[in-house]
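One structure is given below, encoded as structure tokens.
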Amino acid sequence: KLAAAIVSEIGDAKQFEDPKQLVAFAGLDPGVFSSGQFVATSNRITKRGSKRLRRALYLAVQCGIRRSTNQKLRAYYDKKREEGKPYKVTVIACANKLLHHIYAILKKSQPYHV
């Protein structure tokens, strides 16, 4: 169900020139807060994009991490946790990484190889 929700929310991947545009479409890109010389140290995601896509990615990452079905994603998750990142920050980073993989799969029209 999650895969169908993700693909249906993305639509045609060719409408995005690069994966960063897809990340922005999902609302997973960090919002940068700055004014003059002030630059915020903690940045939140913008949440301007598709709520359904964001939720499906979040759930897909949680399932992938718990069951360790995607070893690359699990290794990335473990690396971020060892860096001291909080759980939700790490899951969003993994969702961003997963969205990059999904973009490559849809753009190249080739299956994913581990």
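Ordering of the structure tokens sets the chain letters (A, B, ...); residue numbers start at 1 within each chain; ligands are numbered from 1 in the order shown.
Within 8 Å of stretch 94-97 of chain A, once only C-alpha atoms are used and residues closer than 4 positions along the same chain are dropped, the contacting residues are Val23, Leu28, Leu57, Tyr58, Val61, Leu73, Tyr76, Tyr77, Thr90 and His101 of chain A.
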Inset, instruction - Pick out each residue of chain A that DSSP on the backbone tags as helix (DSSP H, G or I); I need them as a ChimeraX atom specification. - result: /A:2-10,13-15,19-26,51-67,71-82,87-108
Inset, instruction - Choose the residue, out of A:Ala75, A:Leu22, A:Cys63, A:Ala40, that has the smallest atom-to-atom separation from A:Val7; count only C-alpha atoms. - result: A:Leu22
Non-local contacts of A:Lys107 (9 Å; only C-alpha atoms; under 5 positions in same chain excluded) as a PDB file with N, CA, C and O atoms, in the first residue's frame:
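Output contents, as saved in out22.pdb:
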ATOM      1  N   ASP A  12       4.386  11.441 -12.443  1.00  0.00           N
ATOM      2  CA  ASP A  12       5.445  11.259 -13.434  1.00  0.00           C
ATOM      3  C   ASP A  12       6.738  11.851 -12.889  1.00  0.00           C
ATOM      4  O   ASP A  12       6.836  13.051 -12.638  1.00  0.00           O
ATOM      5  N   ALA A  13       7.757  11.023 -12.714  1.00  0.00           N
ATOM      6  CA  ALA A  13       9.035  11.473 -12.156  1.00  0.00           C
ATOM      7  C   ALA A  13       9.777  12.393 -13.116  1.00  0.00           C
ATOM      8  O   ALA A  13      10.673  13.131 -12.692  1.00  0.00           O
ATOM      9  N   LYS A  14       9.397  12.385 -14.388  1.00  0.00           N
ATOM     10  CA  LYS A  14      10.093  13.222 -15.365  1.00  0.00           C
ATOM     11  C   LYS A  14       9.769  14.699 -15.214  1.00  0.00           C
ATOM     12  O   LYS A  14      10.428  15.546 -15.797  1.00  0.00           O
ATOM     13  N   ILE A 102      14.088   6.306  -4.828  1.00  0.00           N
ATOM     14  CA  ILE A 102      12.843   6.175  -5.588  1.00  0.00           C
ATOM     15  C   ILE A 102      12.911   7.004  -6.864  1.00  0.00           C
ATOM     16  O   ILE A 102      12.489   6.558  -7.937  1.00  0.00           O
TER      17      ILE A 102
END
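In this comparison, which uses only C-alpha atoms, the residue of A:Asn70, A:Arg55, A:Pro111, A:Ser42 approaching A:Val89 most closely is A:Ser42.
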Legend entry - Distance criterion (only C-alpha atoms): nearest to A:Tyr112 out of A:Gly64, A:Leu98, A:Ile45, A:Gly27: A:Leu98
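Backbone DSSP assigns strand (DSSP E) in chain A to Ser34, Ser35, Phe38 and Val39 of chain A.
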Legend entry - Minimum-distance residue to A:Ser8, chosen among A:Lys47, A:Leu106, A:Ala93, A:Gln62 (using only C-alpha atoms): A:Leu106
Legend entry - Non-local contacts of A:Ala104 (8 Å; only C-alpha atoms; under 4 positions in same chain excluded) as an MDAnalysis selection string: chainID A and resid 19 100 108
Legend entry - Close residues, A:Arg52 itself excluded, 9 Å, only C-alpha atoms, min 6 positions apart in chain, as an MDAnalysis selection string: chainID A and resid 5:6 9 26
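In this model, the gap between atom CA of A:Phe25 and atom CA of A:Gln110 comes to 22.4 Å.
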